[in-house]
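Dumped protein34.txt below, it's compact mmCIF, C-alpha atoms:
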```txt
# COMPACT_ATOMS: atom_id res chain seq x y z
CA THR A 299 100.95 115.71 106.87
CA THR A 300 98.12 116.35 109.33
CA THR A 301 98.85 120.09 109.35
CA THR A 302 98.72 120.26 105.56
CA GLN A 303 95.46 118.30 105.48
CA THR A 304 93.91 120.63 108.06
CA GLN A 305 95.04 123.69 106.11
CA SER A 306 93.64 122.13 102.92
CA LYS A 307 90.24 121.69 104.58
CA TYR A 308 90.04 125.27 105.79
CA ILE A 309 91.43 126.85 102.63
CA ASN A 310 88.16 125.83 100.95
CA PHE A 311 86.45 128.69 102.81
CA LEU A 312 88.73 131.17 101.03
CA LEU A 313 88.64 129.38 97.67
CA GLY A 314 84.84 128.99 97.73
CA GLY A 315 84.35 132.66 98.55
CA THR A 316 86.79 133.72 95.84
CA ALA A 317 85.16 131.54 93.19
CA THR A 318 81.62 132.80 93.84
CA SER A 319 82.75 136.42 94.13
CA ILE A 320 84.26 136.23 90.65
CA ALA A 321 81.11 134.52 89.36
CA ALA A 322 78.94 137.29 90.88
CA ILE A 323 80.55 139.95 88.68
CA PHE A 324 79.17 138.20 85.59
CA SER A 325 75.85 136.94 87.01
CA ASN A 326 74.79 140.11 88.87
CA PRO A 327 73.02 141.81 85.92
CA MET A 328 70.60 138.87 85.60
CA GLU A 329 70.27 138.79 89.39
CA VAL A 330 69.00 142.37 89.18
CA VAL A 331 66.46 141.43 86.50
CA LYS A 332 65.34 138.31 88.40
CA THR A 333 64.86 140.16 91.68
CA ARG A 334 62.86 142.95 90.03
CA PHE A 335 60.57 140.38 88.42
CA GLN A 336 59.93 138.85 91.82
CA ILE A 337 58.97 142.01 93.74
CA LEU A 338 57.10 144.02 91.08
CA TYR A 339 53.68 142.91 92.35
CA ASP A 340 54.50 144.06 95.88
CA ILE A 341 55.68 147.44 94.68
CA GLN A 342 52.54 147.84 92.58
CA GLN A 343 50.39 147.18 95.64
CA ARG A 344 52.44 149.36 97.97
CA GLU A 345 52.79 152.35 95.67
CA GLY A 346 49.34 152.04 94.05
CA ILE A 347 50.86 151.60 90.60
CA LYS A 348 48.37 150.27 88.07
CA GLY A 349 49.29 148.43 84.90
CA ALA A 350 53.05 148.73 85.35
CA GLU A 351 54.95 145.96 83.64
CA TYR A 352 58.40 144.52 84.01
CA ASN A 353 59.54 142.04 81.42
CA PHE A 354 62.71 141.48 79.44
CA LYS A 355 61.78 144.30 77.05
CA GLU A 356 61.31 146.68 79.99
CA ALA A 357 64.49 145.35 81.58
CA ILE A 358 66.45 146.32 78.45
CA LYS A 359 64.86 149.78 78.46
CA MET A 360 65.75 150.28 82.12
CA ALA A 361 69.29 149.04 81.47
CA LYS A 362 69.75 151.62 78.70
CA LYS A 363 68.32 154.34 80.94
CA GLU A 364 70.26 153.41 84.10
CA GLY A 365 73.53 152.46 82.42
CA ILE A 366 76.19 150.20 83.91
CA ARG A 367 75.37 151.31 87.46
CA GLY A 368 71.80 150.14 87.02
CA ILE A 369 72.78 146.87 85.37
CA GLN A 370 75.23 146.19 88.17
CA ALA A 371 73.08 147.59 91.00
CA GLY A 372 74.17 146.28 94.38
CA LEU A 373 77.33 144.71 92.91
CA THR A 374 79.62 145.56 95.84
CA THR A 375 77.18 144.08 98.33
CA ALA A 376 76.55 141.09 96.04
CA ILE A 377 80.27 140.31 95.91
CA LEU A 378 80.60 140.65 99.69
CA TYR A 379 77.56 138.43 100.14
CA GLN A 380 78.91 135.76 97.81
CA PHE A 381 82.30 135.76 99.52
CA VAL A 382 80.83 135.54 103.03
CA MET A 383 77.85 133.25 102.35
CA ASN A 384 79.35 130.91 99.77
CA GLY A 385 82.80 130.95 101.35
CA THR A 386 81.09 129.64 104.48
CA ARG A 387 78.77 127.30 102.53
CA LEU A 388 81.33 125.69 100.21
CA GLY A 389 84.08 125.65 102.81
CA SER A 390 81.94 124.10 105.53
CA TYR A 391 80.45 121.62 103.04
CA SER A 392 83.91 120.21 102.35
CA LEU A 393 84.64 120.12 106.08
CA PHE A 394 81.28 118.55 106.98
CA LYS A 395 81.77 115.82 104.34
CA VAL A 396 85.08 114.80 105.88
CA VAL A 397 83.54 114.66 109.36
CA ALA A 398 80.46 112.79 108.10
CA GLU A 399 82.60 110.20 106.33
CA ASP A 400 84.36 109.47 109.63
CA TYR A 401 81.07 108.97 111.51
CA PHE A 402 79.12 107.35 108.64
CA PRO A 403 81.66 105.43 106.55
CA GLU A 404 79.08 103.55 104.46
CA SER A 405 80.16 103.61 100.81
CA SER A 406 76.93 102.74 98.97
CA GLU A 407 75.58 105.31 96.48
CA THR A 408 72.45 105.81 98.59
CA ALA A 409 74.45 106.40 101.78
CA ILE A 410 76.76 108.87 100.02
CA PHE A 411 73.79 110.71 98.54
CA PHE A 412 71.98 111.25 101.84
CA ARG A 413 75.20 112.00 103.68
CA ASN A 414 76.08 114.71 101.19
CA LEU A 415 72.47 115.97 101.19
CA LEU A 416 72.61 116.54 104.94
CA CYS A 417 76.04 118.18 104.79
CA ALA A 418 74.99 120.50 101.96
CA SER A 419 71.77 121.50 103.71
CA VAL A 420 73.47 122.35 107.00
CA ALA A 421 76.31 124.18 105.20
CA GLY A 422 73.78 126.21 103.22
CA GLY A 423 71.82 127.17 106.32
CA VAL A 424 74.95 128.30 108.14
CA GLY A 425 76.13 130.33 105.14
CA ALA A 426 72.73 131.99 104.70
CA ALA A 427 72.52 133.00 108.37
CA VAL A 428 75.97 134.58 108.23
CA GLY A 429 75.35 136.42 104.95
CA SER A 430 71.70 137.47 105.44
CA PRO A 431 72.30 141.17 106.28
CA LEU A 432 74.30 141.53 103.06
CA TYR A 433 71.62 139.82 100.96
CA LEU A 434 68.96 142.11 102.45
CA VAL A 435 70.78 145.28 101.39
CA LYS A 436 71.68 143.78 98.00
CA THR A 437 68.01 143.06 97.34
CA ARG A 438 66.87 146.55 98.31
CA LEU A 439 69.56 148.26 96.25
CA GLN A 440 68.65 146.18 93.20
CA THR A 441 64.90 146.78 93.39
CA GLN A 442 64.55 150.40 94.44
CA ALA A 443 64.71 151.62 90.83
CA LEU A 444 61.27 150.07 90.16
CA ALA A 445 59.55 152.32 92.69
CA ALA A 446 61.78 155.28 91.83
CA ALA A 447 60.65 155.07 88.19
CA THR A 448 57.17 156.28 89.21
CA THR A 449 57.69 157.96 92.60
CA GLY A 450 60.98 159.66 91.83
CA LYS A 451 62.27 158.60 95.27
CA VAL A 452 65.41 156.60 95.90
CA ARG A 453 65.64 155.05 99.36
CA TYR A 454 69.35 154.31 99.41
CA THR A 455 72.39 155.88 97.76
CA GLY A 456 74.78 153.06 98.57
CA THR A 457 75.62 150.15 100.85
CA ILE A 458 76.83 152.15 103.87
CA GLN A 459 73.94 154.62 103.69
CA ALA A 460 71.50 151.70 103.39
CA TYR A 461 72.77 150.15 106.62
CA LYS A 462 72.62 153.49 108.40
CA SER A 463 69.04 153.99 107.23
CA ILE A 464 67.96 150.46 108.20
CA LEU A 465 69.53 150.74 111.65
CA ALA A 466 67.88 154.12 112.22
CA GLU A 467 64.42 153.04 111.03
CA GLU A 468 64.27 149.36 111.97
CA GLY A 469 67.06 148.79 114.49
CA ILE A 470 69.52 145.90 114.47
CA LYS A 471 66.60 143.49 113.97
CA GLY A 472 65.99 145.16 110.62
CA CYS A 473 69.36 143.94 109.35
CA TYR A 474 68.30 140.37 110.09
CA ARG A 475 64.75 140.64 108.77
CA GLY A 476 63.95 137.65 106.56
CA THR A 477 66.90 135.60 107.82
CA SER A 478 64.76 132.53 108.56
CA ALA A 479 63.51 132.59 104.96
CA ALA A 480 67.06 133.01 103.67
CA VAL A 481 68.24 130.03 105.72
CA MET A 482 65.46 127.85 104.30
CA ARG A 483 66.11 129.13 100.77
CA VAL A 484 69.83 128.40 100.80
CA ALA A 485 69.54 125.18 102.83
CA PHE A 486 67.17 123.68 100.24
CA GLY A 487 69.05 125.17 97.29
CA SER A 488 72.43 124.09 98.64
CA ALA A 489 71.22 120.56 99.39
CA VAL A 490 69.99 120.16 95.82
CA GLN A 491 72.88 121.99 94.13
CA LEU A 492 75.87 120.42 95.87
CA THR A 493 74.36 116.94 96.05
CA THR A 494 73.19 116.77 92.43
CA TYR A 495 76.50 118.25 91.26
CA ASP A 496 78.38 115.49 93.08
CA VAL A 497 75.98 112.80 91.80
CA ILE A 498 76.13 113.98 88.17
CA LYS A 499 79.89 114.40 88.25
CA ARG A 500 80.41 110.99 89.86
CA PHE A 501 78.17 109.41 87.20
CA ALA A 502 80.11 111.17 84.45
CA VAL A 503 83.39 109.88 85.85
CA ASN A 504 82.40 106.35 86.89
CA SER A 505 79.90 105.49 84.13
CA LEU A 506 81.01 107.63 81.19
CA GLY A 507 84.73 107.54 81.89
CA LEU A 508 85.14 111.31 81.87
CA ASP A 509 88.06 113.07 83.51
CA PRO A 510 86.95 114.64 86.84
CA ALA A 511 89.47 117.47 86.41
CA ALA A 512 88.34 118.31 82.86
CA LEU A 513 86.55 121.62 82.36
CA SER A 514 83.95 119.89 80.18
CA THR A 515 83.01 117.51 83.02
CA GLN A 516 82.66 120.36 85.52
CA PHE A 517 80.75 122.47 82.97
CA MET A 518 78.25 119.71 82.21
CA SER A 519 77.73 118.79 85.87
CA SER A 520 77.12 122.38 86.99
CA LEU A 521 74.81 123.14 84.04
CA LEU A 522 72.59 120.11 84.67
CA CYS A 523 72.41 120.59 88.44
CA SER A 524 71.09 124.14 87.89
CA PHE A 525 67.81 122.77 86.48
CA PHE A 526 67.14 120.87 89.70
CA VAL A 527 68.07 123.88 91.84
CA LEU A 528 65.70 126.17 89.96
CA GLY A 529 62.65 123.96 90.51
CA VAL A 530 63.20 123.76 94.25
CA MET A 531 64.62 127.19 94.93
CA ASN A 532 62.58 129.70 92.90
CA PRO A 533 59.49 129.87 95.19
CA LEU A 534 61.74 130.28 98.24
CA ASP A 535 63.90 132.80 96.38
CA MET A 536 60.83 134.84 95.42
CA ALA A 537 59.52 134.81 99.00
CA THR A 538 62.90 135.81 100.42
CA SER A 539 63.16 138.76 98.01
CA ARG A 540 59.70 140.00 99.04
CA LEU A 541 60.40 139.59 102.75
CA TYR A 542 63.66 141.51 102.44
CA ASN A 543 62.06 144.28 100.40
CA GLN A 544 58.90 144.88 102.46
CA PRO A 545 58.65 148.00 104.64
CA VAL A 546 57.71 148.03 108.33
CA ASN A 547 54.58 149.58 109.90
CA GLU A 548 54.45 152.20 112.65
CA LEU A 549 55.03 149.46 115.25
CA GLY A 550 58.19 148.31 113.51
CA GLN A 551 56.56 145.07 112.34
CA PRO A 552 56.63 143.67 108.77
CA ALA A 553 53.91 145.43 106.77
CA HIS A 554 52.81 142.59 104.48
CA TYR A 555 54.23 139.16 105.37
CA LYS A 556 54.81 137.63 108.79
CA HIS A 557 57.14 134.88 107.58
CA ILE A 558 58.05 132.84 104.52
CA PHE A 559 54.99 130.56 104.69
CA ASP A 560 52.71 133.58 104.96
CA CYS A 561 54.37 135.06 101.88
CA LEU A 562 54.07 131.83 99.89
CA SER A 563 50.40 131.46 100.89
CA LYS A 564 49.43 135.04 100.05
CA THR A 565 51.36 134.95 96.79
CA ILE A 566 49.66 131.83 95.45
CA LYS A 567 46.23 133.18 96.47
CA ALA A 568 46.79 136.53 94.76
CA GLU A 569 48.89 135.50 91.74
CA GLY A 570 48.46 131.75 91.38
CA LEU A 571 51.26 129.23 90.94
CA ARG A 572 52.91 131.55 88.43
CA GLY A 573 53.56 133.92 91.32
CA TRP A 574 55.85 131.34 92.92
CA TYR A 575 57.86 131.15 89.72
CA LYS A 576 58.08 134.86 88.96
CA GLY A 577 61.46 135.57 87.41
CA SER A 578 62.24 131.88 86.87
CA VAL A 579 63.62 132.39 83.34
CA ALA A 580 65.84 135.22 84.52
CA HIS A 581 66.70 133.11 87.56
CA TYR A 582 68.01 130.28 85.39
CA LEU A 583 69.84 132.68 83.09
CA ARG A 584 71.55 133.91 86.23
CA LEU A 585 71.84 130.56 88.04
CA GLY A 586 73.20 128.53 85.13
CA PRO A 587 76.23 130.74 84.33
CA HIS A 588 76.79 131.46 88.03
CA SER A 589 76.86 127.75 88.91
CA ILE A 590 79.15 126.96 86.00
CA LEU A 591 81.59 129.74 86.89
CA THR A 592 81.43 128.90 90.60
CA PHE A 593 82.13 125.18 90.28
CA VAL A 594 84.69 125.48 87.48
CA ILE A 595 86.64 128.26 89.24
CA TRP A 596 86.32 126.55 92.65
CA GLU A 597 87.56 123.21 91.33
CA GLN A 598 90.41 124.80 89.38
CA LEU A 599 91.49 126.83 92.42
CA ARG A 600 91.46 123.71 94.59
CA VAL A 601 93.58 121.79 92.08
CA ALA A 602 95.98 124.75 91.81
CA PHE A 603 96.29 124.87 95.58
CA ASP A 604 96.59 121.11 96.01
CA PRO A 605 97.54 119.14 92.85
CA ASP A 606 96.59 115.90 94.64
CA PHE A 607 92.99 117.06 95.16
```

Could you show the structure in this file as structure tokens?
Amino acid sequence: TTTTQTQSKYINFLLGGTATSIAAIFSNPMEVVKTRFQILYDIQQREGIKGAEYNFKEAIKMAKKEGIRGIQAGLTTAILYQFVMNGTRLGSYSLFKVVAEDYFPESSETAIFFRNLLCASVAGGVGAAVGSPLYLVKTRLQTQALAAATTGKVRYTGTIQAYKSILAEEGIKGCYRGTSAAVMRVAFGSAVQLTTYDVIKRFAVNSLGLDPAALSTQFMSSLLCSFFVLGVMNPLDMATSRLYNQPVNELGQPAHYKHIFDCLSKTIKAEGLRGWYKGSVAHYLRLGPHSILTFVIWEQLRVAFDPDF
């Protein structure tokens, strides 16, 4: 019925958020490592730290020192972010595809590709804008241990205290600092991720004869699409982390970077192309499992909810 179809469309918001929230529990430790890789240079400059290193060896040392709370730093906020951002992104992507198919019914592979690319990009941008305040606090909670290791100061004791501090020091605008970068980051990443996942899965089904509902098909499709996402997303991910983590000056303005393009420009001048891909290994070790868990859980939940999916 029409009512059931409408409910099925909107339930994807809940199922998408649930799938990525579960995935975040397992991928968050590598998210912590990746984010610390990305902002170490900024912390060195800001705190005047010379010769400090952060690599996988140091990450293991810090994990042993900080324990499970350090490994899972910012987990509560990360789960909330995944539920809000990806619930919106994955749910609206499914909805946008249905609408786009009505307006642009062309069935060629090229038409489907660009139609899905547009839907994924818009869905990603919307999700990022909604979830940006959560990602900001997640980033700061995950990276503050780097500065605390040498200064002995911890800026935030938890999610609620972090928001109180940000509102007091930076105002409501502080909660949305870096949102434009986050929108670009997720719009590009979402466009590549969701589109390549669909393309790879459709190829596996139509050309290789694989079962679309099989875990192996979903596993392979999500693993391969992660390589494409990493290449496009890592520079934007690095810039977003630095924009979120930077302090403000006495005028309440960003202390280091005006916007994402300013950050990308200054990074490549100071650190070279490698600066854009700081944390890329950790990023893939986080992104690969997270994508696999997200797509497999999301697809299985959708089939469980609607066997005719």

Smallest atom-to-atom distance to Ala361 of chain A: which of A:Ala317, A:Leu444, A:Ala460, A:Ala418, using all atoms listed in the file? A:Leu444

Atom CA of His588 of chain A to atom CA of Ala398 of chain A, distance in Å rounded to a single decimal: 27.7 Å

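Relative to atom CA of Cys417 of chain A, atom CA of Asp535 of chain A is found at 20.8 Å.
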
Selection near Val424 of chain A, 8 Å with only C-alpha atoms, sequence-local residues under 6 positions removed, as a list in words: Thr386, Arg387 and Val481 of chain A

Would you mind listing what lies within 7 Å of Thr375 of chain A as a list in words, with all atoms listed in the file counted and same-chain residues fewer than 5 positions away left out?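 That gives Leu432, Lys436 and Thr457 of chain A.
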